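Trainee: Dropping in target_1.cif, which is mmCIF, C-alpha atoms:
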data_structure
#
loop_
_atom_site.label_atom_id
_atom_site.label_comp_id
_atom_site.auth_asym_id
_atom_site.auth_seq_id
_atom_site.Cartn_x
_atom_site.Cartn_y
_atom_site.Cartn_z
CA MET A 10 -13.49 26.63 -2.00
CA SER A 11 -14.39 24.00 0.52
CA PHE A 12 -12.40 21.34 -1.38
CA LEU A 13 -9.41 23.68 -1.42
CA ASN A 14 -9.59 24.14 2.37
CA GLY A 15 -9.76 20.40 2.84
CA ILE A 16 -6.76 19.61 0.65
CA THR A 17 -4.79 22.44 2.27
CA LEU A 18 -5.44 20.99 5.69
CA LEU A 19 -4.31 17.52 4.56
CA LEU A 20 -1.09 19.03 3.20
CA VAL A 21 -0.51 20.98 6.43
CA TYR A 22 -0.80 17.77 8.46
CA GLN A 23 1.56 16.00 6.09
CA LEU A 24 4.05 18.86 6.40
CA VAL A 25 3.84 18.84 10.18
CA GLY A 26 4.33 15.07 10.10
CA GLU A 27 7.41 15.34 7.86
CA VAL A 28 8.99 18.02 10.04
CA ALA A 29 8.25 16.19 13.30
CA VAL A 30 9.62 12.88 11.97
CA ARG A 31 12.89 14.54 10.99
CA LEU A 32 13.24 16.54 14.19
CA ALA A 33 12.56 13.51 16.39
CA GLY A 34 14.45 11.03 14.18
CA LEU A 35 11.47 8.64 14.02
CA PRO A 36 11.75 5.60 11.72
CA ILE A 37 8.32 6.18 10.09
CA PRO A 38 7.33 8.31 7.09
CA GLY A 39 5.94 11.81 7.65
CA PRO A 40 2.50 11.17 6.08
CA VAL A 41 1.89 8.26 8.48
CA LEU A 42 2.55 10.53 11.46
CA GLY A 43 0.40 13.20 9.77
CA MET A 44 -2.44 10.70 9.62
CA VAL A 45 -2.09 9.92 13.33
CA LEU A 46 -2.11 13.65 14.16
CA LEU A 47 -5.20 14.28 12.02
CA PHE A 48 -6.93 11.30 13.65
CA LEU A 49 -6.20 12.72 17.12
CA THR A 50 -7.45 16.14 16.03
CA LEU A 51 -10.72 14.63 14.77
CA LEU A 52 -11.12 12.80 18.09
CA VAL A 53 -10.69 16.02 20.04
CA ARG A 54 -13.04 17.97 17.75
CA GLY A 55 -15.60 15.20 17.74
CA GLN A 56 -16.55 15.64 14.07
CA VAL A 57 -15.12 15.72 10.55
CA PRO A 58 -15.34 19.18 8.91
CA ALA A 59 -17.19 18.95 5.56
CA SER A 60 -14.18 20.31 3.66
CA VAL A 61 -11.84 17.61 5.01
CA ASP A 62 -14.44 14.91 4.42
CA GLN A 63 -14.84 16.01 0.80
CA ALA A 64 -11.11 16.21 0.09
CA ALA A 65 -10.42 12.87 1.81
CA SER A 66 -13.14 10.97 -0.02
CA SER A 67 -12.11 12.32 -3.42
CA LEU A 68 -8.48 11.33 -2.81
CA LEU A 69 -9.38 7.90 -1.43
CA SER A 70 -11.94 7.06 -4.11
CA HIS A 71 -9.11 6.60 -6.61
CA LEU A 72 -6.34 5.48 -4.31
CA SER A 73 -5.24 2.79 -6.82
CA LEU A 74 -4.29 5.44 -9.38
CA LEU A 75 -1.68 6.88 -7.04
CA PHE A 76 0.37 3.64 -7.08
CA VAL A 77 0.65 3.47 -10.85
CA PRO A 78 3.84 5.57 -11.32
CA ALA A 79 5.70 3.50 -8.69
CA GLY A 80 4.49 0.30 -10.35
CA VAL A 81 5.85 1.39 -13.72
CA GLY A 82 9.26 1.50 -11.98
CA MET A 83 9.27 -2.27 -12.42
CA MET A 84 10.70 -1.71 -15.91
CA VAL A 85 13.98 -0.51 -14.38
CA HIS A 86 14.43 -3.81 -12.51
CA PHE A 87 13.53 -6.30 -15.24
CA GLY A 88 17.13 -7.57 -15.36
CA ARG A 89 17.47 -8.26 -11.66
CA ILE A 90 14.02 -9.81 -11.45
CA ALA A 91 14.78 -12.08 -14.44
CA GLU A 92 17.98 -13.31 -12.76
CA GLU A 93 16.28 -14.43 -9.57
CA TRP A 94 12.71 -14.73 -10.74
CA LEU A 95 11.94 -17.99 -8.93
CA PRO A 96 12.78 -17.00 -5.34
CA ILE A 97 11.34 -13.51 -5.92
CA THR A 98 7.98 -14.53 -7.35
CA LEU A 99 7.38 -17.61 -5.19
CA ALA A 100 8.54 -16.03 -1.92
CA LEU A 101 6.48 -12.92 -2.61
CA LEU A 102 3.35 -14.81 -3.60
CA LEU A 103 3.43 -17.43 -0.84
CA SER A 104 4.45 -15.01 1.88
CA THR A 105 1.65 -12.61 0.93
CA VAL A 106 -0.92 -15.41 0.95
CA ILE A 107 0.37 -16.81 4.27
CA THR A 108 0.37 -13.37 5.89
CA MET A 109 -3.13 -12.56 4.73
CA VAL A 110 -4.66 -15.89 5.73
CA ALA A 111 -2.88 -16.00 9.11
CA THR A 112 -3.76 -12.41 10.01
CA ALA A 113 -7.41 -12.81 9.02
CA LEU A 114 -7.75 -16.02 11.05
CA ILE A 115 -5.92 -14.59 14.09
CA MET A 116 -8.16 -11.51 13.96
CA GLN A 117 -11.28 -13.63 13.66
CA VAL A 118 -10.35 -15.89 16.58
CA THR A 119 -9.08 -13.13 18.89
CA SER A 120 -12.08 -10.88 18.28
CA ARG A 121 -14.34 -13.74 19.37
CA TRP A 122 -12.26 -14.16 22.51
CA PHE A 123 -11.91 -10.56 23.54
CA ALA A 124 -14.84 -8.59 22.21
CA ARG A 125 -18.49 -8.91 22.94
CA PRO A 126 -20.47 -7.96 19.84
CA LEU A 127 -22.29 -4.81 20.87
CA GLU A 128 -23.98 -3.80 17.66
CA SER A 129 -27.28 -5.03 16.43
CA GLY A 130 -27.07 -7.08 13.27
CA GLY A 131 -23.88 -8.91 14.27
CA GLN A 132 -25.15 -12.39 13.43
CA SER A 133 -21.81 -14.12 13.75
CA ASP A 134 -22.78 -17.33 15.42
CA GLU A 135 -21.29 -20.42 13.86
CA MET B 235 8.34 28.75 -42.87
CA ASN B 236 9.90 25.93 -40.98
CA GLU B 237 7.11 23.58 -40.01
CA PRO B 238 7.85 21.52 -36.90
CA GLY B 239 7.96 17.82 -37.75
CA LEU B 240 6.37 15.12 -35.69
CA LYS B 241 9.79 14.27 -34.33
CA ASP B 242 10.35 17.79 -32.97
CA ILE B 243 6.97 17.72 -31.28
CA TRP B 244 7.88 14.37 -29.72
CA VAL B 245 11.22 15.71 -28.50
CA TYR B 246 9.44 18.66 -26.92
CA LEU B 247 6.71 16.54 -25.32
CA SER B 248 9.00 13.85 -23.96
CA ALA B 249 10.94 16.53 -22.07
CA SER B 250 7.84 17.97 -20.43
CA PRO B 251 5.84 16.49 -17.55
CA LEU B 252 2.63 16.84 -19.57
CA LEU B 253 3.11 13.58 -21.45
CA GLY B 254 3.87 11.36 -18.45
CA LEU B 255 1.01 12.81 -16.45
CA THR B 256 -1.53 12.55 -19.27
CA LEU B 257 -0.43 9.02 -20.16
CA THR B 258 -0.86 7.95 -16.53
CA LEU B 259 -4.37 9.35 -16.31
CA VAL B 260 -5.44 8.01 -19.72
CA ALA B 261 -4.04 4.54 -18.95
CA TYR B 262 -5.78 4.50 -15.58
CA GLY B 263 -9.04 5.73 -17.14
CA LEU B 264 -8.94 2.88 -19.66
CA ALA B 265 -7.92 0.36 -16.97
CA TYR B 266 -10.73 1.49 -14.70
CA ARG B 267 -13.29 1.16 -17.49
CA LEU B 268 -12.04 -2.35 -18.18
CA TYR B 269 -12.34 -3.13 -14.48
CA LEU B 270 -15.99 -1.96 -14.43
CA ARG B 271 -16.68 -3.88 -17.67
CA THR B 272 -15.55 -7.10 -16.02
CA SER B 273 -17.98 -6.31 -13.16
CA SER B 274 -15.12 -5.44 -10.78
CA ASN B 275 -13.24 -8.70 -11.22
CA PRO B 276 -10.14 -8.43 -8.98
CA LEU B 277 -8.05 -10.01 -11.75
CA ALA B 278 -8.65 -6.89 -13.83
CA ASN B 279 -7.17 -4.75 -11.02
CA PRO B 280 -6.71 -1.27 -12.52
CA VAL B 281 -3.16 -0.97 -11.13
CA VAL B 282 -2.08 -4.12 -13.01
CA THR B 283 -3.60 -3.18 -16.33
CA SER B 284 -2.52 0.45 -16.29
CA VAL B 285 1.06 -0.40 -15.24
CA ALA B 286 1.21 -3.00 -18.04
CA MET B 287 -0.14 -0.53 -20.61
CA LEU B 288 2.30 2.18 -19.56
CA ILE B 289 5.34 -0.12 -19.62
CA VAL B 290 4.43 -1.27 -23.12
CA VAL B 291 4.00 2.32 -24.33
CA LEU B 292 7.30 3.42 -22.75
CA LEU B 293 9.23 0.46 -24.17
CA VAL B 294 7.74 0.89 -27.66
CA THR B 295 8.47 4.62 -27.76
CA GLY B 296 11.90 4.17 -26.16
CA THR B 297 11.02 6.49 -23.27
CA SER B 298 13.02 6.00 -20.06
CA TYR B 299 11.41 5.66 -16.65
CA SER B 300 12.96 8.90 -15.43
CA GLU B 301 11.51 10.79 -18.41
CA TYR B 302 8.11 9.28 -17.66
CA PHE B 303 8.41 10.05 -13.95
CA GLU B 304 8.78 13.78 -14.72
CA GLY B 305 5.01 13.66 -15.16
CA GLY B 306 4.22 10.59 -13.07
CA GLN B 307 5.58 12.28 -9.95
CA PHE B 308 2.54 14.56 -9.72
CA VAL B 309 0.31 11.54 -9.25
CA HIS B 310 2.90 9.82 -7.03
CA PHE B 311 3.06 12.89 -4.80
CA LEU B 312 -0.63 12.57 -3.90
CA LEU B 313 0.18 9.37 -1.96
CA GLY B 314 1.26 11.66 0.91
CA PRO B 315 -1.99 13.60 1.40
CA ALA B 316 -3.96 10.40 0.65
CA THR B 317 -2.19 8.68 3.55
CA VAL B 318 -3.11 11.59 5.84
CA ALA B 319 -6.70 11.39 4.53
CA LEU B 320 -6.99 7.81 5.86
CA ALA B 321 -7.56 9.41 9.27
CA VAL B 322 -11.11 10.32 8.19
CA PRO B 323 -12.55 6.82 7.55
CA LEU B 324 -10.65 5.64 10.60
CA TYR B 325 -12.30 8.27 12.77
CA GLN B 326 -15.68 7.25 11.39
CA GLN B 327 -15.01 3.67 12.60
CA PHE B 328 -13.76 4.77 16.01
CA SER B 329 -16.40 3.05 18.13
CA ARG B 330 -15.57 -0.30 16.51
CA LEU B 331 -11.88 0.39 16.86
CA ARG B 332 -12.20 1.02 20.58
CA GLN B 333 -14.17 -2.17 21.01
CA LEU B 334 -11.57 -4.27 19.15
CA TRP B 335 -8.24 -2.72 20.12
CA LEU B 336 -6.83 -5.86 21.74
CA PRO B 337 -7.55 -8.34 18.91
CA ILE B 338 -6.30 -5.74 16.44
CA THR B 339 -3.03 -5.28 18.33
CA ILE B 340 -2.42 -9.04 18.53
CA SER B 341 -3.25 -9.60 14.85
CA LEU B 342 -1.03 -6.72 13.77
CA VAL B 343 2.03 -7.87 15.68
CA CYS B 344 1.63 -11.47 14.46
CA GLY B 345 0.93 -10.32 10.90
CA VAL B 346 4.00 -8.09 10.69
CA VAL B 347 6.33 -10.80 12.02
CA ILE B 348 4.81 -13.45 9.73
CA ALA B 349 5.07 -11.14 6.68
CA ALA B 350 8.77 -10.42 7.17
CA GLY B 351 9.77 -13.81 8.55
CA SER B 352 8.04 -15.82 5.83
CA SER B 353 9.44 -13.74 2.98
CA ILE B 354 13.02 -13.99 4.25
CA GLY B 355 12.63 -17.70 5.02
CA LEU B 356 11.01 -18.59 1.69
CA ALA B 357 13.48 -16.57 -0.36
CA TRP B 358 16.33 -18.29 1.49
CA LEU B 359 14.82 -21.76 0.96
CA LEU B 360 14.38 -21.08 -2.75
CA GLY B 361 18.01 -20.01 -3.10
CA GLY B 362 17.55 -16.25 -3.29
CA SER B 363 20.64 -14.12 -2.65
CA PRO B 364 20.88 -12.28 0.71
CA GLU B 365 20.24 -9.03 -1.15
CA ILE B 366 16.94 -10.38 -2.50
CA GLN B 367 15.97 -11.74 0.92
CA MET B 368 16.52 -8.32 2.51
CA SER B 369 14.76 -6.51 -0.33
CA LEU B 370 11.73 -8.77 0.20
CA ALA B 371 11.64 -8.55 4.00
CA PRO B 372 9.69 -5.27 4.34
CA LYS B 373 7.50 -5.87 1.26
CA SER B 374 4.19 -5.70 3.11
CA ALA B 375 4.84 -2.22 4.53
CA THR B 376 3.89 0.96 2.72
CA ALA B 377 6.50 1.99 0.11
CA PRO B 378 8.39 4.80 1.91
CA VAL B 379 8.77 2.76 5.11
CA ALA B 380 9.74 -0.38 3.22
CA MET B 381 12.44 1.46 1.25
CA GLY B 382 13.95 2.89 4.42
CA ILE B 383 14.05 -0.49 6.13
CA SER B 384 15.43 -2.24 3.05
CA GLU B 385 18.33 0.19 2.99
CA LYS B 386 18.99 -0.32 6.69
CA ILE B 387 19.14 -4.14 6.50
CA GLY B 388 21.14 -4.42 3.27
CA GLY B 389 18.51 -4.69 0.52
CA LEU B 390 18.07 -2.60 -2.63
CA PRO B 391 15.58 0.20 -1.84
CA SER B 392 14.43 0.76 -5.42
CA LEU B 393 13.86 -2.96 -5.96
CA THR B 394 11.95 -3.03 -2.68
CA ALA B 395 9.66 -0.26 -3.99
CA VAL B 396 8.73 -2.49 -6.93
CA LEU B 397 8.28 -5.59 -4.72
CA VAL B 398 6.04 -3.53 -2.46
CA VAL B 399 3.80 -2.62 -5.38
CA VAL B 400 3.71 -6.23 -6.65
CA THR B 401 2.89 -7.45 -3.13
CA GLY B 402 0.06 -4.94 -2.89
CA ILE B 403 -1.31 -6.04 -6.25
CA THR B 404 -1.05 -9.72 -5.26
CA GLY B 405 -2.95 -9.05 -2.06
CA ALA B 406 -5.58 -6.94 -3.80
CA VAL B 407 -6.13 -9.56 -6.53
CA LEU B 408 -6.21 -12.65 -4.29
CA GLY B 409 -7.59 -11.18 -1.05
CA THR B 410 -11.35 -11.47 -1.37
CA LYS B 411 -11.16 -15.01 -2.82
CA LEU B 412 -8.79 -16.15 -0.05
CA PHE B 413 -11.07 -14.79 2.67
CA GLU B 414 -13.97 -16.60 1.07
CA TRP B 415 -12.07 -19.91 1.05
CA ILE B 416 -10.99 -19.72 4.68
CA GLY B 417 -14.45 -18.58 5.73
CA VAL B 418 -13.61 -15.14 7.11
CA LYS B 419 -16.71 -13.02 6.50
CA ASP B 420 -16.26 -10.10 8.88
CA ASP B 421 -15.20 -6.93 7.05
CA THR B 422 -13.15 -5.80 10.05
CA ALA B 423 -10.98 -8.95 10.03
CA LYS B 424 -10.68 -8.85 6.24
CA GLY B 425 -9.64 -5.20 6.37
CA ILE B 426 -6.97 -5.79 9.02
CA ALA B 427 -5.51 -8.72 7.06
CA MET B 428 -5.55 -6.75 3.81
CA GLY B 429 -3.82 -3.72 5.34
CA VAL B 430 -1.12 -5.78 7.08
CA ALA B 431 -0.30 -7.90 4.01
CA ALA B 432 -0.96 -5.52 1.13
CA HIS B 433 -0.69 -1.93 2.50
CA GLY B 434 -2.22 0.87 0.35
CA ILE B 435 -3.03 -1.11 -2.78
CA GLY B 436 -4.88 -3.64 -0.64
CA THR B 437 -6.58 -0.72 1.11
CA ALA B 438 -7.72 0.70 -2.23
CA ARG B 439 -9.25 -2.68 -3.03
CA ALA B 440 -10.79 -2.90 0.45
CA PHE B 441 -12.61 0.41 -0.04
CA GLN B 442 -14.22 -1.10 -3.13
CA VAL B 443 -15.66 -3.87 -0.96
CA SER B 444 -16.98 -1.72 1.88
CA PRO B 445 -16.13 1.51 3.75
CA ARG B 446 -15.55 -0.48 6.94
CA MET B 447 -13.12 -2.89 5.32
CA GLY B 448 -11.31 0.10 3.81
CA ALA B 449 -11.08 1.95 7.12
CA PHE B 450 -9.63 -1.03 8.97
CA SER B 451 -7.28 -1.81 6.12
CA GLY B 452 -6.03 1.79 6.30
CA LEU B 453 -5.61 1.47 10.05
CA ALA B 454 -3.69 -1.80 9.70
CA MET B 455 -1.50 -0.29 7.01
CA ALA B 456 -0.58 2.69 9.20
CA LEU B 457 0.04 0.69 12.35
CA SER B 458 2.00 -2.01 10.55
CA ALA B 459 4.19 0.72 9.08
CA PHE B 460 5.17 1.57 12.67
CA ALA B 461 5.48 -2.08 13.68
CA THR B 462 7.53 -3.05 10.61
CA ALA B 463 9.95 -0.17 11.12
CA LEU B 464 10.49 -1.21 14.73
CA ALA B 465 10.44 -5.01 14.41
CA VAL B 466 12.00 -5.98 11.08
CA PRO B 467 15.63 -4.89 11.68
CA TRP B 468 15.51 -6.77 14.98
CA LEU B 469 13.89 -9.82 13.39
CA VAL B 470 16.57 -9.91 10.68
CA ASP B 471 19.32 -9.91 13.31
CA LEU B 472 17.59 -12.74 15.12
CA MET B 473 17.17 -14.82 11.96
CA LEU B 474 20.78 -14.24 10.92
CA PHE B 475 21.91 -15.24 14.36
CA MET B 476 19.89 -18.47 14.26
CA ALA B 477 20.97 -19.31 10.71
CA GLY B 478 24.62 -18.46 11.28
CA GLY B 479 24.79 -20.21 14.65
#
Represent the structure from my file as structure tokens, please.
Mentor:
Amino acid sequence: MSFLNGITLLLVYQLVGEVAVRLAGLPIPGPVLGMVLLFLTLLVRGQVPASVDQAASSLLSHLSLLFVPAGVGMMVHFGRIAEEWLPITLALLLSTVITMVATALIMQVTSRWFARPLESGGQSDE
Amino acid sequence: MNEPGLKDIWVYLSASPLLGLTLTLVAYGLAYRLYLRTSSNPLANPVVTSVAMLIVVLLVTGTSYSEYFEGGQFVHFLLGPATVALAVPLYQQFSRLRQLWLPITISLVCGVVIAAGSSIGLAWLLGGSPEIQMSLAPKSATAPVAMGISEKIGGLPSLTAVLVVVTGITGAVLGTKLFEWIGVKDDTAKGIAMGVAAHGIGTARAFQVSPRMGAFSGLAMALSAFATALAVPWLVDLMLFMAGG
């Protein structure tokens, strides 16, 4: 029963997000707004109800599975991808690597500048 | 007594969502076992192996993607509530988030601009058509956002959906090795980079490394969805203006 309550709540937030995005004409998807709303709710409540925690961790423990049907959609685009395979594959690969490396380094440098490590166990001296 | 032949059973099954759904779960189950067998080697990413298995099965049996998606959509649908569910790990990391909001904001803005700018620039340099450049531009954002942006700036939304998935897989497969090479050890920084570059698939991989890396990857994915939607159409105009003179 508790799992059912949790999943219902997640769906309610998604629904509210979808409706709000359409009413306000926001350029973001409904579930992303739903996530922000749930986050704010948890902040106000100060704790995660057990039912939500249970539903969230079971959904997130196999998050990869949920991308499989969209990935299979690749078969529809084989032709187009074959035509321009070089720019597609190289641009995608290099750009992903560049983005990941740059973001990680920027985050590492800026967090040393701006944040004092508060927790114990942060042994991040060079 | 008219016994139904194998062919009739196939015709019935291929018209019902049962087959697509079951195939998806079986393929993922096998892929996940393989992944554990290889002691969680990122090269054996379960999304890669299960997508490959499913495409082979569909091509061999002559099943179209839309027939498959009749069943696949039930799994696909859960992406919505799963996105909402990311609020939970994020809340659990709130104290760290509050401490790091400024570096996170800076990294996110830079990451989003680099992701879109570098994919347009590289595709252009390598001779990709404008349609391909625009389809690639939002590739690091989560699928629904990326498709919307792609449509707005003149790409092909359904091609973008595929590029988004491939980008996510690329990030998930290469991420941990890359971070090792460049000497980034902090799970917070790794999570932010993973979420910005490789959205939900990267986030799924990040959760396998640690809950903190997963939470920050989820945060970066959500915030970069906002940032991409706001910045990329503007960035494209700017790049076109500079290129066109």
Trainee: Enumerate as a PyMOL selection string the residues belonging to chain A that approach chain B to within 6 Å, with all atoms listed in the file taken into account.
Mentor: chain A and resi 19-20+40+43-44+48+65+68+72-73+75+77-78+80-81+83+96+100+104-105+108-109+112-113+115-117+119-120
Trainee: Which value, in Å to one decimal, gives the distance between CA of Glu301 (chain B) and CA of Leu253 (chain B)?
Mentor: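 One can read the CA of Glu301 (chain B) to CA of Leu253 (chain B) distance as 9.4 Å.
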Trainee: Quick one: residues within 9 Å of Gly26 (chain A), only C-alpha atoms, excluding same-chain residues fewer than 3 positions away - as a PyMOL selection string?
Mentor: chain A and resi 21-23+29-31+38-46
Trainee: Please indicate the distance in Å from CA of Gly34 (chain A) to CA of Ala454 (chain B), rounded to one decimal place.
Mentor: 22.7 Å
Trainee: Kindly provide, as a PyMOL selection string, the polymer residues lying within 6 Å of (-11.7, 23.6, 2.0), counting only C-alpha atoms and using the coordinates exactly as they appear in the file.
Mentor: chain A and resi 10-15+60
Trainee: I'd like the interatomic distance between CA of Leu469 (chain B) and CA of Lys386 (chain B), to a tenth of an Å.
Mentor: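 Going from CA of Leu469 (chain B) over to CA of Lys386 (chain B), I get 12.7 Å.
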Trainee: Specify the axis-aligned box that encloses all atoms of region 48-51 of chain A listed in the file after padding of 4 Å on each side, stating its centre and edge lengths in Å to one decimal as JSON.
Mentor:
{"center_x": -8.5, "center_y": 13.7, "center_z": 15.4, "size_x": 12.5, "size_y": 12.8, "size_z": 11.5}
Trainee: Between B:Pro372, B:Gly389, B:Gly296, B:Pro467, which residue has the minimum interatomic distance to Met84 (chain A), considering only C-alpha atoms?
Mentor: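 So, comparing all the options, the nearest one is B:Gly296.
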Trainee: Which residue out of B:Val291, B:Lys411, B:Glu304, B:Leu264 has the minimum interatomic distance to Pro251 (chain B) when all atoms listed in the file are used?
Mentor: B:Glu304
